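Read through the structure below, which is laid out as C-alpha coordinates, and then see the notes.
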Amino acid sequence: MEFSEKLALQRKRRGLSQEQLADRLGVTRQSVSKWESGTAVPELGKLIALSELFSVSVDYLVKNAQDEEWPHREEDTGDAAAQARMERQVAELHRMFRGYRYTSAAKVFGLPLVSIRLCRRMMGRDDVARGVIAIGNAAVGVVAIGAFSVGLFGLGAFSVGLAAVGALAAGGVSFGALSVGVVAMGSCAIGVWTCGVASVAKEVAVGIAAAAETAVGKDAVGTHVLLWGDGLTKAQVEEFLLRHHPGLWKPLLHLLSFFGANIQ
(Lines give C-alpha, C1' and ligand atoms only; values in the text may rest on other atoms or scores of the structure.)
Protein backbone atom coordinates (compact mmCIF):
# COMPACT_ATOMS: atom_id res chain seq x y z
CA MET A 1 0.00 0.00 0.00
CA GLU A 2 1.42 3.37 -1.00
CA PHE A 3 1.46 6.62 0.96
CA SER A 4 -1.44 8.10 -1.02
CA GLU A 5 -3.64 5.08 -0.25
CA LYS A 6 -2.68 5.05 3.44
CA LEU A 7 -3.46 8.75 3.77
CA ALA A 8 -6.93 8.35 2.24
CA LEU A 9 -7.57 5.25 4.40
CA GLN A 10 -6.57 6.94 7.67
CA ARG A 11 -8.54 10.09 6.85
CA LYS A 12 -11.71 8.13 6.09
CA ARG A 13 -11.30 6.00 9.22
CA ARG A 14 -11.50 9.18 11.26
CA GLY A 15 -14.46 10.52 9.32
CA LEU A 16 -12.60 13.55 8.00
CA SER A 17 -13.18 15.23 4.67
CA GLN A 18 -10.20 16.46 2.65
CA GLU A 19 -11.11 20.02 3.62
CA GLN A 20 -11.29 19.16 7.35
CA LEU A 21 -7.91 17.44 7.21
CA ALA A 22 -6.45 20.41 5.34
CA ASP A 23 -7.72 22.79 8.05
CA ARG A 24 -6.06 20.73 10.79
CA LEU A 25 -2.74 20.72 8.93
CA GLY A 26 -2.88 24.35 7.82
CA VAL A 27 -2.79 23.53 4.11
CA THR A 28 -5.25 23.81 1.23
CA ARG A 29 -7.74 21.11 0.27
CA GLN A 30 -5.98 20.95 -3.11
CA SER A 31 -2.75 19.92 -1.36
CA VAL A 32 -4.50 17.04 0.40
CA SER A 33 -6.12 16.04 -2.89
CA LYS A 34 -2.70 15.94 -4.60
CA TRP A 35 -1.25 13.83 -1.77
CA GLU A 36 -4.08 11.32 -2.06
CA SER A 37 -3.90 11.17 -5.86
CA GLY A 38 -0.16 10.55 -5.69
CA THR A 39 0.86 13.63 -7.68
CA ALA A 40 2.67 15.24 -4.73
CA VAL A 41 4.04 14.34 -1.29
CA PRO A 42 4.04 16.41 1.92
CA GLU A 43 7.16 17.84 3.50
CA LEU A 44 8.61 16.28 6.66
CA GLY A 45 6.78 18.62 9.06
CA LYS A 46 3.41 17.70 7.58
CA LEU A 47 4.26 13.99 7.68
CA ILE A 48 5.01 14.26 11.40
CA ALA A 49 1.73 16.14 11.90
CA LEU A 50 -0.13 13.39 10.02
CA SER A 51 1.52 10.67 12.12
CA GLU A 52 0.45 12.46 15.30
CA LEU A 53 -3.08 13.06 14.05
CA PHE A 54 -3.56 9.44 12.96
CA SER A 55 -1.50 7.92 15.82
CA VAL A 56 0.70 5.99 13.41
CA SER A 57 4.43 6.10 12.79
CA VAL A 58 6.04 8.06 9.97
CA ASP A 59 7.60 4.72 8.98
CA TYR A 60 4.14 3.30 8.38
CA LEU A 61 3.08 6.30 6.29
CA VAL A 62 6.07 6.50 3.97
CA LYS A 63 7.11 2.87 3.51
CA ASN A 64 5.29 0.78 0.92
CA ALA A 65 3.78 -2.19 2.72
CA GLN A 66 0.68 -4.32 2.35
CA ASP A 67 0.04 -4.49 6.08
CA GLU A 68 0.34 -1.99 8.90
CA GLU A 69 3.80 -3.11 9.87
CA TRP A 70 4.41 0.06 11.90
CA PRO A 71 0.93 0.99 13.14
CA HIS A 72 2.01 2.94 16.21
CA ARG A 73 3.68 6.30 16.39
CA GLU A 74 7.08 6.46 18.04
CA GLU A 75 6.81 8.18 21.38
CA ASP A 76 10.01 10.15 21.11
CA THR A 77 9.80 11.99 17.81
CA GLY A 78 12.47 14.39 19.02
CA ASP A 79 15.09 11.64 19.21
CA ALA A 80 17.96 12.54 16.86
CA ALA A 81 18.26 9.04 15.38
CA ALA A 82 14.51 8.80 14.78
CA GLN A 83 14.51 12.27 13.23
CA ALA A 84 17.38 11.37 10.91
CA ARG A 85 15.64 8.15 9.91
CA MET A 86 12.43 10.00 9.12
CA GLU A 87 14.33 12.52 7.01
CA ARG A 88 15.93 9.69 5.02
CA GLN A 89 12.55 8.06 4.50
CA VAL A 90 10.97 11.31 3.33
CA ALA A 91 13.90 11.88 0.96
CA GLU A 92 13.42 8.36 -0.38
CA LEU A 93 9.72 9.01 -0.86
CA HIS A 94 10.50 12.16 -2.83
CA ARG A 95 13.07 10.29 -4.95
CA MET A 96 10.46 7.63 -5.67
CA PHE A 97 8.09 10.27 -7.01
CA ARG A 98 10.72 12.37 -8.74
CA GLY A 99 12.44 9.42 -10.43
CA TYR A 100 15.80 9.68 -12.19
CA ARG A 101 17.02 13.12 -13.22
CA TYR A 102 20.17 14.11 -15.08
CA THR A 103 21.31 17.27 -16.85
CA SER A 104 24.70 17.35 -18.52
CA ALA A 105 27.04 20.24 -17.78
CA ALA A 106 27.90 20.53 -21.49
CA LYS A 107 25.57 22.83 -23.42
CA VAL A 108 24.92 23.58 -27.09
CA PHE A 109 23.30 26.93 -27.90
CA GLY A 110 22.26 27.23 -24.27
CA LEU A 111 20.60 23.79 -24.18
CA PRO A 112 21.99 20.88 -22.15
CA LEU A 113 23.60 18.30 -24.41
CA VAL A 114 21.68 15.58 -22.56
CA SER A 115 18.61 15.96 -20.36
CA ILE A 116 16.92 13.00 -18.66
CA ARG A 117 13.72 13.20 -16.62
CA LEU A 118 12.31 9.76 -15.87
CA CYS A 119 9.51 10.32 -13.38
CA ARG A 120 6.98 8.01 -11.85
CA ARG A 121 4.36 10.68 -12.40
CA MET A 122 4.38 14.00 -14.23
CA MET A 123 4.54 16.67 -11.54
CA GLY A 124 5.44 19.97 -13.18
CA ARG A 125 7.37 21.87 -15.83
CA ASP A 126 10.70 20.88 -14.31
CA ASP A 127 9.87 17.22 -14.99
CA VAL A 128 9.96 17.80 -18.77
CA ALA A 129 13.29 16.82 -20.34
CA ARG A 130 14.68 19.67 -22.46
CA GLY A 131 17.98 19.32 -24.30
CA VAL A 132 19.75 18.49 -27.53
CA ILE A 133 19.12 14.87 -26.57
CA ALA A 134 16.05 14.71 -24.34
CA ILE A 135 14.77 11.53 -22.67
CA GLY A 136 11.83 11.43 -20.31
CA ASN A 137 8.12 10.97 -19.71
CA ALA A 138 7.80 14.19 -21.69
CA ALA A 139 10.75 15.23 -23.86
CA VAL A 140 11.51 18.29 -25.99
CA GLY A 141 14.75 18.45 -27.96
CA VAL A 142 16.60 17.98 -31.21
CA VAL A 143 16.37 14.24 -30.52
CA ALA A 144 13.42 13.58 -28.21
CA ILE A 145 12.56 10.19 -26.72
CA GLY A 146 9.63 9.82 -24.37
CA ALA A 147 6.00 8.94 -23.84
CA PHE A 148 5.32 12.45 -25.18
CA SER A 149 8.10 13.67 -27.48
CA VAL A 150 8.56 16.83 -29.52
CA GLY A 151 11.71 17.44 -31.57
CA LEU A 152 13.39 17.40 -34.93
CA PHE A 153 13.53 13.64 -34.41
CA GLY A 154 10.82 12.33 -32.09
CA LEU A 155 10.33 8.81 -30.76
CA GLY A 156 7.56 7.96 -28.32
CA ALA A 157 4.00 6.86 -27.73
CA PHE A 158 2.90 10.33 -28.85
CA SER A 159 5.51 11.86 -31.12
CA VAL A 160 5.77 15.13 -33.06
CA GLY A 161 8.78 16.06 -35.17
CA LEU A 162 10.37 16.61 -38.53
CA ALA A 163 10.79 12.83 -38.38
CA ALA A 164 8.40 11.19 -35.91
CA VAL A 165 7.96 7.57 -34.84
CA GLY A 166 5.29 6.53 -32.35
CA ALA A 167 1.93 4.94 -31.70
CA LEU A 168 0.55 8.35 -32.65
CA ALA A 169 3.02 10.22 -34.86
CA ALA A 170 2.81 13.58 -36.60
CA GLY A 171 5.54 15.27 -38.62
CA GLY A 172 7.24 15.83 -41.92
CA VAL A 173 7.98 12.11 -42.17
CA SER A 174 5.97 10.02 -39.72
CA PHE A 175 5.59 6.35 -38.92
CA GLY A 176 3.08 4.96 -36.44
CA ALA A 177 -0.13 3.10 -35.78
CA LEU A 178 -1.85 6.41 -36.52
CA SER A 179 0.44 8.53 -38.65
CA VAL A 180 -0.11 12.07 -39.93
CA GLY A 181 2.50 13.84 -42.04
CA VAL A 182 3.72 15.05 -45.39
CA VAL A 183 5.01 11.51 -45.89
CA ALA A 184 3.09 9.17 -43.58
CA MET A 185 3.41 5.42 -43.05
CA GLY A 186 1.43 3.28 -40.65
CA SER A 187 -1.65 1.20 -39.99
CA CYS A 188 -3.68 4.33 -40.59
CA ALA A 189 -1.77 6.96 -42.58
CA ILE A 190 -2.96 10.45 -43.48
CA GLY A 191 -0.92 12.99 -45.44
CA VAL A 192 0.27 14.14 -48.84
CA TRP A 193 2.03 10.88 -49.77
CA THR A 194 1.04 7.87 -47.68
CA CYS A 195 1.53 4.12 -47.26
CA GLY A 196 -0.56 2.05 -44.89
CA VAL A 197 -3.25 -0.51 -44.26
CA ALA A 198 -5.72 2.37 -44.51
CA SER A 199 -4.12 5.19 -46.47
CA VAL A 200 -5.57 8.63 -47.24
CA ALA A 201 -3.56 11.26 -49.13
CA LYS A 202 -3.76 14.45 -51.13
CA GLU A 203 -1.42 13.24 -53.88
CA VAL A 204 -0.57 9.51 -53.68
CA ALA A 205 -1.93 6.81 -51.37
CA VAL A 206 -0.75 3.20 -51.31
CA GLY A 207 -2.48 0.64 -49.13
CA ILE A 208 -4.96 -2.17 -48.75
CA ALA A 209 -7.58 0.58 -48.63
CA ALA A 210 -6.33 3.73 -50.38
CA ALA A 211 -7.95 7.06 -51.22
CA ALA A 212 -6.16 9.89 -53.04
CA GLU A 213 -5.84 11.67 -56.36
CA THR A 214 -3.60 8.73 -57.32
CA ALA A 215 -4.35 5.52 -55.42
CA VAL A 216 -2.79 2.06 -55.48
CA GLY A 217 -4.33 -0.77 -53.50
CA LYS A 218 -6.70 -3.68 -53.16
CA ASP A 219 -9.55 -1.25 -52.57
CA ALA A 220 -8.53 2.07 -54.11
CA VAL A 221 -10.53 5.24 -54.75
CA GLY A 222 -9.30 8.28 -56.66
CA THR A 223 -8.94 10.07 -59.98
CA HIS A 224 -6.19 7.65 -61.04
CA VAL A 225 -6.51 4.14 -59.65
CA LEU A 226 -4.30 1.05 -59.89
CA LEU A 227 -5.88 -2.02 -58.31
CA TRP A 228 -3.62 -4.70 -56.91
CA GLY A 229 -5.71 -7.56 -58.31
CA ASP A 230 -3.59 -10.69 -58.69
CA GLY A 231 -0.42 -8.78 -57.89
CA LEU A 232 1.75 -5.94 -59.14
CA THR A 233 5.46 -5.60 -59.78
CA LYS A 234 7.51 -2.67 -58.54
CA ALA A 235 8.12 -1.65 -62.16
CA GLN A 236 4.38 -1.57 -62.86
CA VAL A 237 3.72 0.66 -59.87
CA GLU A 238 6.63 2.98 -60.76
CA GLU A 239 5.40 3.34 -64.34
CA PHE A 240 1.87 4.13 -63.11
CA LEU A 241 3.05 6.74 -60.60
CA LEU A 242 5.43 8.44 -63.06
CA ARG A 243 2.67 8.65 -65.64
CA HIS A 244 0.59 10.80 -63.30
CA HIS A 245 3.39 12.37 -61.21
CA PRO A 246 6.40 12.73 -63.52
CA GLY A 247 8.28 14.98 -61.10
CA LEU A 248 7.98 12.63 -58.10
CA TRP A 249 11.17 12.55 -55.99
CA LYS A 250 13.01 9.30 -56.75
CA PRO A 251 13.50 8.03 -53.16
CA LEU A 252 9.79 8.64 -52.52
CA LEU A 253 8.93 6.96 -55.84
CA HIS A 254 10.92 3.86 -54.84
CA LEU A 255 9.30 3.78 -51.39
CA LEU A 256 5.75 4.04 -52.73
CA SER A 257 6.47 1.53 -55.50
CA PHE A 258 7.94 -0.97 -53.05
CA PHE A 259 4.84 -0.80 -50.85
CA GLY A 260 2.56 -0.90 -53.89
CA ALA A 261 4.16 -4.12 -55.10
CA ASN A 262 4.01 -5.77 -51.68
CA ILE A 263 0.46 -5.14 -50.49
CA GLN A 264 -0.73 -8.29 -48.76
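Ordering of the C-alpha coordinates sets the chain letters (A, B, ...), residue numbers begin anew at 1 in every chain, and ligands are numbered from 1 in the order given.
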Contacts of segment 148-157 of chain A at 9 Å or less, counting only C-alpha atoms, minus same-chain residues fewer than 3 places along, as a PDB file with N, CA and C atoms, in the first residue's frame?
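Output (around-v2.pdb):
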ATOM      1  N   ALA A 134      16.970  14.662 -25.469  1.00  0.00           N
ATOM      2  CA  ALA A 134      16.048  14.708 -24.336  1.00  0.00           C
ATOM      3  C   ALA A 134      15.343  13.368 -24.179  1.00  0.00           C
ATOM      4  N   ILE A 135      15.390  12.827 -22.960  1.00  0.00           N
ATOM      5  CA  ILE A 135      14.773  11.532 -22.672  1.00  0.00           C
ATOM      6  C   ILE A 135      13.930  11.683 -21.414  1.00  0.00           C
ATOM      7  N   GLY A 136      12.664  11.312 -21.496  1.00  0.00           N
ATOM      8  CA  GLY A 136      11.825  11.428 -20.308  1.00  0.00           C
ATOM      9  C   GLY A 136      10.381  11.083 -20.580  1.00  0.00           C
ATOM     10  N   ASN A 137       9.560  11.170 -19.523  1.00  0.00           N
ATOM     11  CA  ASN A 137       8.121  10.971 -19.712  1.00  0.00           C
ATOM     12  C   ASN A 137       7.617  11.938 -20.775  1.00  0.00           C
ATOM     13  N   ALA A 138       8.066  13.182 -20.665  1.00  0.00           N
ATOM     14  CA  ALA A 138       7.797  14.188 -21.694  1.00  0.00           C
ATOM     15  C   ALA A 138       9.146  14.769 -22.099  1.00  0.00           C
ATOM     16  N   ALA A 139       9.425  14.813 -23.393  1.00  0.00           N
ATOM     17  CA  ALA A 139      10.748  15.233 -23.861  1.00  0.00           C
ATOM     18  C   ALA A 139      10.631  16.223 -25.009  1.00  0.00           C
ATOM     19  N   VAL A 140      11.451  17.284 -24.931  1.00  0.00           N
ATOM     20  CA  VAL A 140      11.513  18.290 -25.989  1.00  0.00           C
ATOM     21  C   VAL A 140      12.978  18.499 -26.331  1.00  0.00           C
ATOM     22  N   GLY A 141      13.356  18.286 -27.591  1.00  0.00           N
ATOM     23  CA  GLY A 141      14.754  18.447 -27.958  1.00  0.00           C
ATOM     24  C   GLY A 141      14.994  18.222 -29.434  1.00  0.00           C
ATOM     25  N   VAL A 142      16.257  18.298 -29.822  1.00  0.00           N
ATOM     26  CA  VAL A 142      16.602  17.980 -31.208  1.00  0.00           C
ATOM     27  C   VAL A 142      16.283  16.507 -31.451  1.00  0.00           C
ATOM     28  N   VAL A 143      16.764  15.655 -30.538  1.00  0.00           N
ATOM     29  CA  VAL A 143      16.370  14.241 -30.518  1.00  0.00           C
ATOM     30  C   VAL A 143      15.572  14.030 -29.239  1.00  0.00           C
ATOM     31  N   ALA A 144      14.298  13.710 -29.375  1.00  0.00           N
ATOM     32  CA  ALA A 144      13.422  13.585 -28.210  1.00  0.00           C
ATOM     33  C   ALA A 144      12.866  12.168 -28.121  1.00  0.00           C
ATOM     34  N   ILE A 145      13.047  11.553 -26.949  1.00  0.00           N
ATOM     35  CA  ILE A 145      12.564  10.191 -26.723  1.00  0.00           C
ATOM     36  C   ILE A 145      11.735  10.194 -25.448  1.00  0.00           C
ATOM     37  N   VAL A 160       5.888  14.057 -32.069  1.00  0.00           N
ATOM     38  CA  VAL A 160       5.766  15.125 -33.061  1.00  0.00           C
ATOM     39  C   VAL A 160       7.172  15.557 -33.451  1.00  0.00           C
ATOM     40  N   GLY A 161       7.448  15.640 -34.760  1.00  0.00           N
ATOM     41  CA  GLY A 161       8.780  16.059 -35.173  1.00  0.00           C
ATOM     42  C   GLY A 161       8.925  16.124 -36.676  1.00  0.00           C
ATOM     43  N   LEU A 162      10.074  16.632 -37.106  1.00  0.00           N
ATOM     44  CA  LEU A 162      10.372  16.612 -38.531  1.00  0.00           C
ATOM     45  C   LEU A 162      10.347  15.163 -39.010  1.00  0.00           C
ATOM     46  N   ALA A 163      10.922  14.276 -38.192  1.00  0.00           N
ATOM     47  CA  ALA A 163      10.786  12.832 -38.384  1.00  0.00           C
ATOM     48  C   ALA A 163      10.229  12.276 -37.082  1.00  0.00           C
ATOM     49  N   ALA A 164       9.077  11.630 -37.133  1.00  0.00           N
ATOM     50  CA  ALA A 164       8.403  11.186 -35.911  1.00  0.00           C
ATOM     51  C   ALA A 164       8.025   9.712 -36.009  1.00  0.00           C
ATOM     52  N   VAL A 165       8.319   8.981 -34.928  1.00  0.00           N
ATOM     53  CA  VAL A 165       7.957   7.565 -34.840  1.00  0.00           C
ATOM     54  C   VAL A 165       7.216   7.358 -33.529  1.00  0.00           C
ATOM     55  N   GLY A 166       6.028   6.763 -33.585  1.00  0.00           N
ATOM     56  CA  GLY A 166       5.286   6.535 -32.352  1.00  0.00           C
ATOM     57  C   GLY A 166       3.954   5.870 -32.618  1.00  0.00           C
ATOM     58  N   ALA A 167       3.275   5.492 -31.543  1.00  0.00           N
ATOM     59  CA  ALA A 167       1.932   4.938 -31.703  1.00  0.00           C
ATOM     60  C   ALA A 167       1.048   5.972 -32.409  1.00  0.00           C
ATOM     61  N   LEU A 168       1.168   7.220 -31.957  1.00  0.00           N
ATOM     62  CA  LEU A 168       0.548   8.352 -32.650  1.00  0.00           C
ATOM     63  C   LEU A 168       1.683   9.270 -33.071  1.00  0.00           C
ATOM     64  N   ALA A 169       1.880   9.445 -34.371  1.00  0.00           N
ATOM     65  CA  ALA A 169       3.019  10.219 -34.863  1.00  0.00           C
ATOM     66  C   ALA A 169       2.558  11.288 -35.840  1.00  0.00           C
ATOM     67  N   GLY A 171       4.314  14.567 -38.242  1.00  0.00           N
ATOM     68  CA  GLY A 171       5.537  15.266 -38.621  1.00  0.00           C
ATOM     69  C   GLY A 171       5.731  15.331 -40.114  1.00  0.00           C
ATOM     70  N   GLY A 176       3.752   5.352 -37.674  1.00  0.00           N
ATOM     71  CA  GLY A 176       3.085   4.957 -36.441  1.00  0.00           C
ATOM     72  C   GLY A 176       1.785   4.237 -36.712  1.00  0.00           C
TER      73      GLY A 176
END
Just want the 12 Å neighbourhood of Leu16 of chain A, counted on only C-alpha atoms, with same-chain residues fewer than 4 positions away dropped. Output as number ranges by chain. A: 7-12, 20-24, 29, 32, 53-54
Picked from segment 23-251 of chain A by DSSP as alpha helix (DSSP H), as a PyMOL selection string: chain A and resi 23-25+29-37+44-54+58-62+80-98+234-244+250-251
For Ser33 of chain A: contacts at 10 Å, only C-alpha atoms, fewer than 6 positions along chain excluded, given as a ChimeraX atom specification: /A:4,8,18-19,22,39-40
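Minimum atom-to-atom distances from A:Lys234, A:His244, A:Arg14, A:Arg101 to Ala215 of chain A were compared using only C-alpha atoms, and the lowest value belongs to A:His244.
Minimum distance to Leu226 of chain A across A:Ser57, A:Thr214, A:Ser257, A:Thr103 (counting only C-alpha atoms) occurs at A:Thr214.
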